[in-house]
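One file, work_29.txt, carrying compact mmCIF, C-alpha atoms:
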```
# COMPACT_ATOMS: atom_id res chain seq x y z
CA MET J 169 -89.14 70.13 86.83
CA LYS J 170 -87.84 68.23 89.85
CA GLU J 171 -87.36 70.09 93.09
CA ALA J 172 -83.65 69.30 93.04
CA HIS J 173 -83.24 70.89 89.62
CA ARG J 174 -84.79 74.26 90.37
CA ARG J 175 -82.67 77.31 89.73
CA THR J 176 -80.59 78.06 92.79
CA GLY J 177 -79.99 81.80 92.38
CA ASN J 178 -77.35 83.02 94.83
CA VAL J 179 -77.54 80.00 97.14
CA ALA J 180 -74.17 78.22 97.48
CA PHE J 181 -74.65 74.67 96.25
CA ILE J 182 -72.82 71.55 95.10
CA ARG J 183 -74.11 68.84 92.75
CA VAL J 184 -74.42 65.29 93.99
CA ALA J 185 -72.23 64.20 91.03
CA ALA J 186 -69.29 65.99 92.65
CA ILE J 187 -69.59 64.06 95.90
CA THR J 188 -70.34 60.57 94.57
CA PRO J 189 -66.92 59.17 95.68
CA LEU J 190 -67.63 60.32 99.22
CA ILE J 191 -71.07 58.70 99.26
CA HIS J 192 -69.62 55.44 97.92
CA GLN J 193 -67.21 55.28 100.86
CA PHE J 194 -70.23 54.75 103.12
CA ASP J 195 -71.77 51.91 101.12
CA LYS J 196 -70.40 49.38 103.61
CA ARG J 197 -70.98 51.58 106.62
CA GLN J 198 -74.73 51.92 106.45
CA GLU J 199 -75.28 52.79 110.10
CA LYS J 200 -72.68 55.57 110.13
CA ALA J 201 -74.03 56.85 106.82
CA ARG J 202 -77.60 56.92 108.13
CA VAL J 203 -76.61 58.89 111.24
CA LEU J 204 -74.50 61.42 109.32
CA LEU J 205 -77.06 61.94 106.55
CA ALA J 206 -79.79 62.52 109.12
CA ARG J 207 -77.62 64.95 111.09
CA HIS J 208 -77.05 67.08 108.00
CA ARG J 209 -80.58 66.66 106.60
CA LEU J 210 -79.46 64.89 103.43
CA SER J 211 -81.96 62.35 102.11
CA GLN J 212 -80.84 59.10 100.48
CA SER J 213 -83.24 59.66 97.58
CA LEU J 214 -81.65 63.04 96.83
CA LEU J 215 -78.20 61.49 96.71
CA GLU J 216 -79.32 59.01 94.05
CA ASP J 217 -79.73 61.83 91.51
CA PRO J 218 -76.30 63.00 90.22
CA TYR J 219 -77.78 66.27 88.94
CA ALA J 220 -79.47 67.17 92.21
CA VAL J 221 -78.03 70.06 94.20
CA ILE J 222 -77.50 70.38 97.94
CA PRO J 223 -76.38 73.38 100.03
CA LEU J 224 -72.60 73.70 99.89
CA GLN J 225 -72.33 74.56 103.58
CA ARG J 226 -74.25 71.39 104.49
CA PHE J 227 -71.97 69.25 102.34
CA ILE J 228 -68.77 70.77 103.77
CA ALA J 229 -69.98 70.07 107.31
CA PHE J 230 -70.93 66.52 106.28
CA PHE J 231 -67.43 65.97 104.84
CA GLU J 232 -65.77 67.16 108.07
CA ASP J 233 -68.03 64.90 110.13
CA ALA J 234 -67.31 61.95 107.84
CA ALA J 235 -63.56 62.25 108.46
CA GLU J 236 -64.18 62.36 112.20
CA ALA J 237 -66.61 59.40 112.09
CA LEU J 238 -64.04 57.34 110.19
CA ASP J 239 -61.26 58.51 112.54
CA ASP J 240 -59.16 59.58 109.56
CA PRO J 241 -58.06 63.24 109.45
CA PHE J 242 -56.65 62.64 105.95
CA PHE J 243 -59.88 61.14 104.61
CA GLY J 244 -60.42 63.88 102.02
CA ALA J 245 -56.89 63.74 100.62
CA LYS J 246 -56.93 59.94 100.42
CA LEU J 247 -60.32 59.99 98.72
CA GLY J 248 -59.05 62.52 96.21
CA SER J 249 -55.98 60.40 95.43
CA ALA J 250 -58.29 57.62 94.16
CA PHE J 251 -60.36 59.99 92.02
CA LYS J 252 -61.51 59.08 88.48
CA PRO J 253 -62.69 61.39 85.64
CA ALA J 254 -66.11 59.71 85.59
CA ASP J 255 -66.63 60.80 89.21
CA ILE J 256 -67.52 64.31 88.00
CA GLY J 257 -69.34 63.33 84.83
CA PRO J 258 -68.99 65.48 81.69
CA LEU J 259 -66.44 67.83 83.28
CA GLY J 260 -64.19 64.87 84.06
CA MET J 261 -64.60 63.63 80.51
CA LEU J 262 -63.62 67.06 79.18
CA PHE J 263 -60.45 66.93 81.25
CA SER J 264 -59.58 63.45 79.96
CA LEU J 265 -60.04 64.59 76.34
CA SER J 266 -57.65 67.53 76.75
CA PRO J 267 -54.47 67.40 74.65
CA THR J 268 -52.37 68.99 77.42
CA ILE J 269 -52.56 69.27 81.21
CA LYS J 270 -52.84 73.02 80.73
CA ASP J 271 -55.95 72.58 78.57
CA GLY J 272 -57.45 70.32 81.22
CA PHE J 273 -57.08 72.87 84.00
CA GLU J 274 -58.36 75.66 81.79
CA ARG J 275 -61.53 73.63 81.23
CA ILE J 276 -61.94 72.93 84.95
CA SER J 277 -61.56 76.63 85.76
CA LYS J 278 -64.06 77.60 83.08
CA PHE J 279 -66.71 75.06 84.01
CA VAL J 280 -66.28 74.36 87.74
CA ASN J 281 -69.52 76.21 88.44
CA SER J 282 -71.43 73.41 86.74
CA LEU J 283 -70.64 71.37 89.86
CA GLN J 284 -70.70 74.01 92.56
CA ASN J 285 -71.13 77.76 92.74
CA SER J 286 -69.78 80.35 95.18
CA THR J 287 -66.40 78.94 94.20
CA SER J 288 -63.36 80.72 92.81
CA SER J 289 -61.27 78.66 90.40
CA ASN J 290 -58.54 80.34 88.40
CA PHE J 291 -55.73 79.09 86.21
CA VAL J 292 -53.07 81.65 85.34
CA GLU J 293 -49.53 81.86 84.08
CA ASP J 294 -46.99 83.10 86.63
CA GLY J 295 -43.46 83.32 85.25
CA GLU J 296 -42.22 79.82 84.43
CA SER J 297 -45.14 78.28 86.29
CA TYR J 298 -48.90 77.98 86.05
CA VAL J 299 -51.07 78.27 89.15
CA TRP J 300 -54.48 76.69 89.64
CA THR J 301 -56.41 78.19 92.55
CA TYR J 302 -59.47 76.71 94.25
CA ARG J 303 -61.32 78.54 96.98
CA ILE J 304 -64.84 78.62 98.41
CA ALA J 305 -65.81 82.29 98.39
CA ASP J 306 -67.92 82.21 101.56
CA GLN J 307 -65.53 82.57 104.53
CA SER J 308 -68.31 81.54 106.92
CA ILE J 309 -68.09 78.00 105.54
CA TRP J 310 -65.39 76.77 107.91
CA PRO J 311 -63.73 74.43 108.72
CA ARG J 312 -63.35 73.11 105.19
CA ARG J 313 -60.06 71.22 105.29
CA GLN J 314 -61.48 67.97 103.94
CA ASP J 315 -62.99 69.63 100.86
CA ALA J 316 -59.78 71.55 100.11
CA GLU J 317 -57.50 68.52 100.43
CA TYR J 318 -59.93 66.35 98.47
CA SER J 319 -60.26 68.90 95.64
CA LEU J 320 -56.52 69.42 95.19
CA ALA J 321 -55.66 65.72 95.55
CA ALA J 322 -58.41 64.84 93.05
CA SER J 323 -57.04 67.40 90.59
CA CYS J 324 -53.56 65.90 90.85
CA GLN J 325 -55.01 62.43 90.38
CA LEU J 326 -56.85 63.59 87.25
CA VAL J 327 -53.47 64.52 85.80
CA ARG J 328 -51.82 61.26 86.85
CA SER J 329 -54.62 59.05 85.53
CA ASN J 330 -55.01 60.90 82.20
CA PHE J 331 -51.52 62.13 81.35
CA SER J 332 -48.60 60.84 83.42
CA SER J 333 -48.66 58.59 86.50
CA GLY J 334 -45.35 60.08 87.64
CA TRP J 335 -46.45 63.72 87.43
CA LYS J 336 -45.97 65.93 90.46
CA PRO J 337 -46.68 69.61 91.09
CA GLU J 338 -44.04 72.15 91.95
CA GLU J 339 -45.77 73.18 95.17
CA VAL J 340 -49.17 72.89 96.91
CA HIS J 341 -50.79 75.54 99.14
CA PHE J 342 -53.65 75.25 101.64
CA GLU J 343 -55.64 77.86 103.58
CA HIS J 344 -55.93 75.77 106.74
CA ASP J 345 -53.44 75.04 109.52
CA ALA J 346 -50.80 72.35 109.11
CA PRO J 347 -52.06 68.98 110.41
CA ALA J 348 -50.14 66.96 112.97
CA ASP J 349 -48.52 64.78 110.31
CA ALA J 350 -48.15 66.92 107.19
CA ASP J 351 -45.76 64.36 105.68
CA ILE J 352 -48.80 62.28 104.70
CA LEU J 353 -49.94 65.10 102.42
CA ARG J 354 -46.44 65.59 101.05
CA ARG J 355 -46.38 61.93 100.07
CA ILE J 356 -49.79 62.16 98.42
CA PHE J 357 -48.89 65.27 96.43
CA ARG J 358 -45.20 64.32 95.97
CA ALA J 359 -44.36 68.00 96.47
CA PRO J 360 -43.72 70.64 99.15
CA VAL J 361 -46.97 71.56 100.92
CA LEU J 362 -47.47 74.98 102.55
CA PHE J 363 -50.24 75.90 105.00
CA ARG J 364 -52.00 79.08 106.22
CA GLN J 365 -51.88 80.50 102.70
CA SER J 366 -54.36 83.00 101.22
CA SER J 367 -55.89 80.32 98.99
CA ASN J 368 -55.66 76.66 98.01
CA ARG J 369 -53.29 76.30 95.03
CA ILE J 370 -51.44 73.85 92.85
CA ILE J 371 -48.30 75.35 91.31
CA MET J 372 -47.12 73.58 88.15
CA ARG J 373 -44.09 73.81 85.93
CA LYS J 374 -44.92 75.26 82.52
CA GLU J 375 -42.76 72.77 80.64
CA ASP J 376 -44.62 69.85 82.25
CA ILE J 377 -48.16 70.98 81.55
CA THR J 378 -47.77 72.28 77.99
CA ARG J 379 -46.55 68.95 76.60
CA VAL J 380 -49.02 67.52 74.06
CA TYR J 381 -50.25 64.02 74.92
CA ARG J 382 -53.06 63.54 72.40
CA SER J 383 -55.06 65.14 69.61
CA ASP J 384 -58.07 67.17 70.71
CA ASN J 385 -61.41 65.54 69.85
CA ARG J 386 -63.08 68.86 69.16
CA GLU J 387 -66.45 67.44 68.12
CA LEU J 388 -66.93 65.43 71.32
CA ALA J 389 -65.47 68.25 73.43
CA ALA J 390 -67.98 70.70 71.92
CA ILE J 391 -70.89 68.40 72.82
CA LEU J 392 -69.67 68.03 76.39
CA GLU J 393 -69.02 71.76 76.74
CA ARG J 394 -72.57 72.53 75.58
CA HIS J 395 -73.95 70.16 78.18
CA VAL J 396 -71.81 71.67 80.95
CA GLU J 397 -72.78 75.21 79.88
CA ASP J 398 -76.44 74.24 80.15
CA LEU J 399 -75.82 73.07 83.72
CA ILE J 400 -74.15 76.37 84.57
CA GLY J 401 -77.04 78.31 83.05
CA GLU J 402 -79.45 76.25 85.12
CA THR J 403 -77.82 77.55 88.30
CA GLU J 404 -77.65 81.21 87.24
CA VAL J 405 -74.01 81.70 88.23
CA GLY J 406 -73.19 85.39 87.98
CA GLN J 407 -70.68 86.62 85.42
CA SER J 408 -70.46 90.23 86.53
CA LEU J 409 -67.22 92.14 86.22
CA THR J 410 -67.22 92.42 90.01
CA SER J 411 -67.18 88.63 90.35
CA LYS J 412 -64.33 88.32 87.85
CA VAL J 413 -62.23 91.01 89.54
CA THR J 414 -62.91 89.47 92.95
CA ALA J 415 -61.71 86.10 91.70
CA LEU J 416 -58.45 87.65 90.45
CA ILE J 417 -57.93 89.49 93.74
CA GLU J 418 -58.42 86.26 95.67
CA HIS J 419 -55.87 84.59 93.44
CA TYR J 420 -53.13 87.24 93.54
CA VAL J 421 -53.33 88.77 97.02
CA GLY J 422 -50.11 87.92 98.82
CA ARG J 423 -48.42 86.81 95.60
CA ARG J 424 -47.98 90.09 93.71
CA PRO J 425 -49.21 93.71 93.89
CA VAL J 426 -52.89 93.94 92.92
CA THR J 427 -53.34 97.17 90.94
CA VAL J 428 -55.98 98.51 88.57
CA GLY J 429 -53.51 98.32 85.69
CA PHE J 430 -52.53 94.75 86.43
CA LEU J 431 -56.14 93.56 86.79
CA ALA J 432 -57.16 95.35 83.59
CA GLU J 433 -54.34 93.62 81.73
CA GLU J 434 -55.42 90.24 83.10
CA LEU J 435 -58.98 90.91 81.92
CA GLY J 436 -57.85 92.18 78.52
CA MET J 437 -59.33 95.64 78.93
CA ASN J 438 -58.34 99.27 79.43
CA ALA J 439 -57.74 100.37 83.03
CA ARG J 440 -60.16 103.31 82.79
CA THR J 441 -62.81 101.06 81.26
CA LEU J 442 -62.37 98.64 84.16
CA GLN J 443 -62.83 101.45 86.68
CA ARG J 444 -65.91 102.85 84.93
CA GLN J 445 -67.60 99.45 84.67
CA LEU J 446 -66.93 98.68 88.32
CA GLU J 447 -68.35 102.09 89.25
CA ARG J 448 -71.53 101.18 87.38
CA GLU J 449 -71.70 98.01 89.49
CA GLY J 450 -71.26 100.13 92.62
CA THR J 451 -67.74 99.17 93.57
CA SER J 452 -64.02 99.64 92.82
CA VAL J 453 -60.77 97.69 92.80
CA ARG J 454 -59.77 99.29 96.08
CA SER J 455 -62.99 98.43 97.88
CA LEU J 456 -63.00 94.86 96.56
CA THR J 457 -59.35 94.38 97.58
CA GLU J 458 -59.93 95.82 101.04
CA ALA J 459 -63.05 93.72 101.55
CA HIS J 460 -61.18 90.54 100.67
CA ARG J 461 -58.21 91.46 102.85
CA ARG J 462 -60.45 92.30 105.78
CA ASP J 463 -62.40 89.03 105.54
CA LEU J 464 -59.18 87.05 105.21
CA ALA J 465 -57.54 88.93 108.09
CA ASP J 466 -60.51 88.27 110.38
CA HIS J 467 -60.33 84.60 109.52
CA LEU J 468 -56.55 84.26 109.92
CA LEU J 469 -56.56 86.08 113.25
CA SER J 470 -59.40 84.07 114.74
CA ALA J 471 -59.23 80.60 113.22
CA GLY J 472 -55.64 79.56 113.88
CA LYS J 473 -53.26 79.29 116.79
CA LYS J 474 -49.78 79.82 115.42
CA THR J 475 -49.82 82.53 112.78
CA SER J 476 -48.17 85.78 113.87
CA ILE J 477 -49.33 89.28 112.94
CA ALA J 478 -46.31 89.54 110.63
CA GLU J 479 -47.27 86.32 108.87
CA VAL J 480 -50.85 87.53 108.41
CA ALA J 481 -49.53 90.77 106.91
CA GLN J 482 -47.36 88.81 104.48
CA THR J 483 -50.22 86.52 103.47
CA LEU J 484 -52.38 89.56 102.73
CA GLY J 485 -49.67 91.20 100.64
CA TYR J 486 -48.72 94.07 102.96
CA ALA J 487 -45.14 95.36 103.10
CA ASP J 488 -44.90 94.69 106.83
CA SER J 489 -46.96 94.31 109.99
CA ALA J 490 -47.01 98.08 110.59
CA VAL J 491 -48.71 98.78 107.24
CA PHE J 492 -51.18 95.97 107.92
CA GLY J 493 -51.79 97.30 111.42
CA ARG J 494 -52.73 100.74 110.10
CA ALA J 495 -55.09 99.24 107.55
CA PHE J 496 -56.69 96.99 110.15
CA LYS J 497 -57.20 99.91 112.52
CA THR J 498 -58.90 101.85 109.73
CA TRP J 499 -61.32 98.95 109.22
CA THR J 500 -62.06 98.17 112.85
CA GLY J 501 -60.93 101.07 115.01
CA HIS J 502 -58.39 98.96 116.88
CA ALA J 503 -55.07 97.22 116.28
CA PRO J 504 -54.98 93.59 115.12
CA SER J 505 -54.57 90.93 117.78
CA ARG J 506 -54.70 87.17 118.05
CA THR J 507 -58.17 85.97 119.04
CA GLY J 508 -57.81 82.23 118.47
CA LYS J 509 -57.91 79.96 121.48
```
Spit out the file's structure as structure tokens when you get a sec.
Amino acid sequence: MKEAHRRTGNVAFIRVAAITPLIHQFDKRQEKARVLLARHRLSQSLLEDPYAVIPLQRFIAFFEDAAEALDDPFFGAKLGSAFKPADIGPLGMLFSLSPTIKDGFERISKFVNSLQNSTSSNFVEDGESYVWTYRIADQSIWPRRQDAEYSLAASCQLVRSNFSSGWKPEEVHFEHDAPADADILRRIFRAPVLFRQSSNRIIMRKEDITRVYRSDNRELAAILERHVEDLIGETEVGQSLTSKVTALIEHYVGRRPVTVGFLAEELGMNARTLQRQLEREGTSVRSLTEAHRRDLADHLLSAGKKTSIAEVAQTLGYADSAVFGRAFKTWTGHAPSRTGK
């Protein structure tokens, strides 16, 4: 077995297939490509194998450097807006075979770990809308603006190229700060774009994404799904209850109250069963929620310049800044304060 195909365990990785469009952008910029690849210890031979894996943190840093080298802060979003299903191999093909936009996003959420792990991707119904969430779980991987804007723009382009060229989401959310000219992103997404949110999201109207565009080719879809499942198995992505609950917490914090009963309903299980199984895994809904809120609070308070304590509290789903302040003091022993420069 090739070195690049070894099982990756708990190491955060991304497959070369997922970054092919980025690599192609440097085909005519050989000198810049050589310097950047060397800086991030990425060999050209490795990048020629679409099934090879590279450390996710290394790729994210490479992506940020690429935007700077090209003097284009919107490089990721623009790259995503030219995305094609074939750029992500069998997963892209699965999306293009989907009878509805909803089916396409459900498949992406189910199989995203074939392309990269340590990633939370959820697709859930929320009233008259559906919300697709994308978030790298490791908060230490930062900045990651280019990856976030690329991933959401590419997802929108998948819809436009496979279903309707005029499609637009209801709203788009990003974790990072607003750039100097956010109107560029609003034009790319054709929708309101919000920043400093608890996750990266695309909010879609239910009536738009449940429309049937084609018949489902179940035989071909089954073959592709089997292939994608084999790729996921090769990387040993965990499917523990803790990981599933954590993904739901990341999705809903700041959007609605996260309770044991609500999470159990989302998982299709009894609340007491959920609690018992989490206890067997050495955790609880409360500890997982607090851990996520604390990590997110630390990031929001240190990484940005403009977000107030009240805004942080709202993003984390607290009733007000006083409630957040008490929780923060319990975690750290002191009151929350801005630490960004």
- Rounded to one decimal in Å, what is the spacing between CA of Asp466 in chain J and CA of Gln284 in chain J?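 Straight-line distance from CA of Asp466 in chain J to CA of Gln284 in chain J works out to 25.0 Å.
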Review point. Can you tell me, as a ChimeraX atom specification, what residues are no more than 9 Å from Glu449 in chain J when counting all atoms listed in the file, ignoring any on the same chain fewer than 2 positions away?
Key: /J:408-410,444-447,451-452
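CA of Pro347 in chain J is positioned 14.1 Å from CA of Pro360 in chain J.
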Neighbour list for Ala237 in chain J as a ChimeraX atom specification, cut-off 12 Å, only C-alpha atoms, skip fewer than 2 positions in-chain:
/J:193-194,197,199-204,230-235,239-241,243
Env of Glu216 in chain J: 12 Å cut, atoms = all atoms listed in the file, seq-sep filter 5 positions within chain, self excluded. Answer as number ranges by chain.
J: 172, 183-185, 187-188, 191-192, 210-211, 221
Q) Between J:Arg394, J:Arg440, J:Arg386, J:Arg448, which is the closest to Leu265 in chain J once you count all atoms listed in the file? A)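 Closest residue, counting all atoms listed in the file: J:Arg386.
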Given only C-alpha atoms as the basis, pick out the residue of J:Glu418, J:Glu387, J:Glu458, J:Glu338 nearest to Tyr302 in chain J.
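Residue with the minimum atom-to-atom distance to Tyr302 in chain J: J:Glu418.
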Exercise: Ala316 in chain J partners within 10 Å, all atoms listed in the file, chain neighbours under 5 positions left out, as a PDB file with C-alpha atoms, keeping the file's coordinate frame:
```
ATOM      1  CA  ILE J 228     -68.770  70.770 103.770  1.00  0.00           C
ATOM      2  CA  GLY J 244     -60.420  63.880 102.020  1.00  0.00           C
ATOM      3  CA  ALA J 245     -56.890  63.740 100.620  1.00  0.00           C
ATOM      4  CA  GLY J 248     -59.050  62.520  96.210  1.00  0.00           C
ATOM      5  CA  TYR J 302     -59.470  76.710  94.250  1.00  0.00           C
ATOM      6  CA  ARG J 303     -61.320  78.540  96.980  1.00  0.00           C
ATOM      7  CA  ILE J 304     -64.840  78.620  98.410  1.00  0.00           C
ATOM      8  CA  PRO J 311     -63.730  74.430 108.720  1.00  0.00           C
ATOM      9  CA  ALA J 321     -55.660  65.720  95.550  1.00  0.00           C
ATOM     10  CA  ALA J 322     -58.410  64.840  93.050  1.00  0.00           C
ATOM     11  CA  HIS J 341     -50.790  75.540  99.140  1.00  0.00           C
ATOM     12  CA  PHE J 342     -53.650  75.250 101.640  1.00  0.00           C
ATOM     13  CA  GLU J 343     -55.640  77.860 103.580  1.00  0.00           C
ATOM     14  CA  HIS J 344     -55.930  75.770 106.740  1.00  0.00           C
ATOM     15  CA  SER J 367     -55.890  80.320  98.990  1.00  0.00           C
ATOM     16  CA  ASN J 368     -55.660  76.660  98.010  1.00  0.00           C
ATOM     17  CA  ARG J 369     -53.290  76.300  95.030  1.00  0.00           C
TER      18      ARG J 369
END
```
re CA of Ser264 in chain J and CA of Asn385 in chain J: distance 10.5 Å
query: What lies within 12 Å of Gly272 in chain J using only C-alpha atoms, ignoring chain neighbours under 5 positions off, as a VMD selection string?
result: chain J and resid 253 259 to 267 277 to 280 291 300 323 to 324 326 to 327 330 to 331 377 to 382 384 389
Would you put the residues from that selection into a file with C-alpha atoms, as a PDB file, in the coordinates of the input?
```pdb
ATOM      1  CA  PRO J 253     -62.690  61.390  85.640  1.00  0.00           C
ATOM      2  CA  LEU J 259     -66.440  67.830  83.280  1.00  0.00           C
ATOM      3  CA  GLY J 260     -64.190  64.870  84.060  1.00  0.00           C
ATOM      4  CA  MET J 261     -64.600  63.630  80.510  1.00  0.00           C
ATOM      5  CA  LEU J 262     -63.620  67.060  79.180  1.00  0.00           C
ATOM      6  CA  PHE J 263     -60.450  66.930  81.250  1.00  0.00           C
ATOM      7  CA  SER J 264     -59.580  63.450  79.960  1.00  0.00           C
ATOM      8  CA  LEU J 265     -60.040  64.590  76.340  1.00  0.00           C
ATOM      9  CA  SER J 266     -57.650  67.530  76.750  1.00  0.00           C
ATOM     10  CA  PRO J 267     -54.470  67.400  74.650  1.00  0.00           C
ATOM     11  CA  SER J 277     -61.560  76.630  85.760  1.00  0.00           C
ATOM     12  CA  LYS J 278     -64.060  77.600  83.080  1.00  0.00           C
ATOM     13  CA  PHE J 279     -66.710  75.060  84.010  1.00  0.00           C
ATOM     14  CA  VAL J 280     -66.280  74.360  87.740  1.00  0.00           C
ATOM     15  CA  PHE J 291     -55.730  79.090  86.210  1.00  0.00           C
ATOM     16  CA  TRP J 300     -54.480  76.690  89.640  1.00  0.00           C
ATOM     17  CA  SER J 323     -57.040  67.400  90.590  1.00  0.00           C
ATOM     18  CA  CYS J 324     -53.560  65.900  90.850  1.00  0.00           C
ATOM     19  CA  LEU J 326     -56.850  63.590  87.250  1.00  0.00           C
ATOM     20  CA  VAL J 327     -53.470  64.520  85.800  1.00  0.00           C
ATOM     21  CA  ASN J 330     -55.010  60.900  82.200  1.00  0.00           C
ATOM     22  CA  PHE J 331     -51.520  62.130  81.350  1.00  0.00           C
ATOM     23  CA  ILE J 377     -48.160  70.980  81.550  1.00  0.00           C
ATOM     24  CA  THR J 378     -47.770  72.280  77.990  1.00  0.00           C
ATOM     25  CA  ARG J 379     -46.550  68.950  76.600  1.00  0.00           C
ATOM     26  CA  VAL J 380     -49.020  67.520  74.060  1.00  0.00           C
ATOM     27  CA  TYR J 381     -50.250  64.020  74.920  1.00  0.00           C
ATOM     28  CA  ARG J 382     -53.060  63.540  72.400  1.00  0.00           C
ATOM     29  CA  ASP J 384     -58.070  67.170  70.710  1.00  0.00           C
ATOM     30  CA  ALA J 389     -65.470  68.250  73.430  1.00  0.00           C
TER      31      ALA J 389
END
```
Of J:Glu236, J:Asp345, J:Glu339, J:Glu293, the one nearest to Phe357 in chain J when counting all atoms listed in the file is J:Glu339
For a cutoff of 10 Å around the file-coordinate point (-48.8, 78.9, 84.3), which residues qualify once you count all atoms listed in the file? I'd like the result as a PDB file with C-alpha atoms, in the coordinates of the input.
```
ATOM      1  CA  LYS J 270     -52.840  73.020  80.730  1.00  0.00           C
ATOM      2  CA  PHE J 291     -55.730  79.090  86.210  1.00  0.00           C
ATOM      3  CA  VAL J 292     -53.070  81.650  85.340  1.00  0.00           C
ATOM      4  CA  GLU J 293     -49.530  81.860  84.080  1.00  0.00           C
ATOM      5  CA  ASP J 294     -46.990  83.100  86.630  1.00  0.00           C
ATOM      6  CA  GLY J 295     -43.460  83.320  85.250  1.00  0.00           C
ATOM      7  CA  GLU J 296     -42.220  79.820  84.430  1.00  0.00           C
ATOM      8  CA  SER J 297     -45.140  78.280  86.290  1.00  0.00           C
ATOM      9  CA  TYR J 298     -48.900  77.980  86.050  1.00  0.00           C
ATOM     10  CA  VAL J 299     -51.070  78.270  89.150  1.00  0.00           C
ATOM     11  CA  TRP J 300     -54.480  76.690  89.640  1.00  0.00           C
ATOM     12  CA  ILE J 371     -48.300  75.350  91.310  1.00  0.00           C
ATOM     13  CA  MET J 372     -47.120  73.580  88.150  1.00  0.00           C
ATOM     14  CA  ARG J 373     -44.090  73.810  85.930  1.00  0.00           C
ATOM     15  CA  LYS J 374     -44.920  75.260  82.520  1.00  0.00           C
ATOM     16  CA  GLU J 375     -42.760  72.770  80.640  1.00  0.00           C
ATOM     17  CA  ILE J 377     -48.160  70.980  81.550  1.00  0.00           C
ATOM     18  CA  THR J 378     -47.770  72.280  77.990  1.00  0.00           C
TER      19      THR J 378
END
```
Query raised in the report: Nearest to Val480 in chain J among J:Thr457, J:Gln314, J:Gln365, J:Thr498, with distances taken over all atoms listed in the file: which residue is it?
Result: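 Ranking J:Thr457, J:Gln314, J:Gln365, J:Thr498 by distance to Val480 in chain J, first place goes to J:Gln365.
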One residue among J:Ala305, J:Leu283, J:Ile417, J:Ala186 is nearest to Asp255 in chain J when using only C-alpha atoms, and that residue is J:Ala186
Counting all atoms listed in the file, the residue among J:Ala229, J:Val340, J:Ala481, J:Ile182 that lies closest to Leu215 in chain J is J:Ile182
Start from the incomplete input, build N, CA and C atoms for range 216-228 of chain J, and deliver everything as an mmCIF file, keeping the file's coordinate frame.
```cif
data_model
loop_
_atom_site.group_PDB
_atom_site.id
_atom_site.type_symbol
_atom_site.label_atom_id
_atom_site.label_comp_id
_atom_site.auth_asym_id
_atom_site.auth_seq_id
_atom_site.Cartn_x
_atom_site.Cartn_y
_atom_site.Cartn_z
ATOM 1 N N GLU J 216 -79.278 59.940 95.176
ATOM 2 C CA GLU J 216 -79.320 59.010 94.050
ATOM 3 C C GLU J 216 -79.413 59.716 92.713
ATOM 4 N N ASP J 217 -79.628 61.039 92.740
ATOM 5 C CA ASP J 217 -79.730 61.830 91.510
ATOM 6 C C ASP J 217 -78.455 62.643 91.325
ATOM 7 N N PRO J 218 -77.575 62.286 90.376
ATOM 8 C CA PRO J 218 -76.300 63.000 90.220
ATOM 9 C C PRO J 218 -76.434 64.467 89.871
ATOM 10 N N TYR J 219 -77.600 64.875 89.316
ATOM 11 C CA TYR J 219 -77.780 66.270 88.940
ATOM 12 C C TYR J 219 -78.476 67.099 90.017
ATOM 13 N N ALA J 220 -78.852 66.445 91.099
ATOM 14 C CA ALA J 220 -79.470 67.170 92.210
ATOM 15 C C ALA J 220 -78.442 68.092 92.853
ATOM 16 N N VAL J 221 -78.926 69.142 93.498
ATOM 17 C CA VAL J 221 -78.030 70.060 94.200
ATOM 18 C C VAL J 221 -78.363 70.079 95.681
ATOM 19 N N ILE J 222 -77.332 70.263 96.505
ATOM 20 C CA ILE J 222 -77.500 70.380 97.940
ATOM 21 C C ILE J 222 -76.730 71.602 98.413
ATOM 22 N N PRO J 223 -77.106 72.202 99.528
ATOM 23 C CA PRO J 223 -76.380 73.380 100.030
ATOM 24 C C PRO J 223 -74.914 73.067 100.265
ATOM 25 N N LEU J 224 -74.037 73.932 99.769
ATOM 26 C CA LEU J 224 -72.600 73.700 99.890
ATOM 27 C C LEU J 224 -72.176 73.639 101.356
ATOM 28 N N GLN J 225 -72.720 74.525 102.176
ATOM 29 C CA GLN J 225 -72.330 74.560 103.580
ATOM 30 C C GLN J 225 -72.683 73.230 104.271
ATOM 31 N N ARG J 226 -73.826 72.657 103.893
ATOM 32 C CA ARG J 226 -74.250 71.390 104.490
ATOM 33 C C ARG J 226 -73.294 70.266 104.082
ATOM 34 N N PHE J 227 -72.896 70.276 102.811
ATOM 35 C CA PHE J 227 -71.970 69.250 102.340
ATOM 36 C C PHE J 227 -70.616 69.363 103.022
ATOM 37 N N ILE J 228 -70.083 70.578 103.137
ATOM 38 C CA ILE J 228 -68.770 70.770 103.770
ATOM 39 C C ILE J 228 -68.786 70.246 105.201
#
```
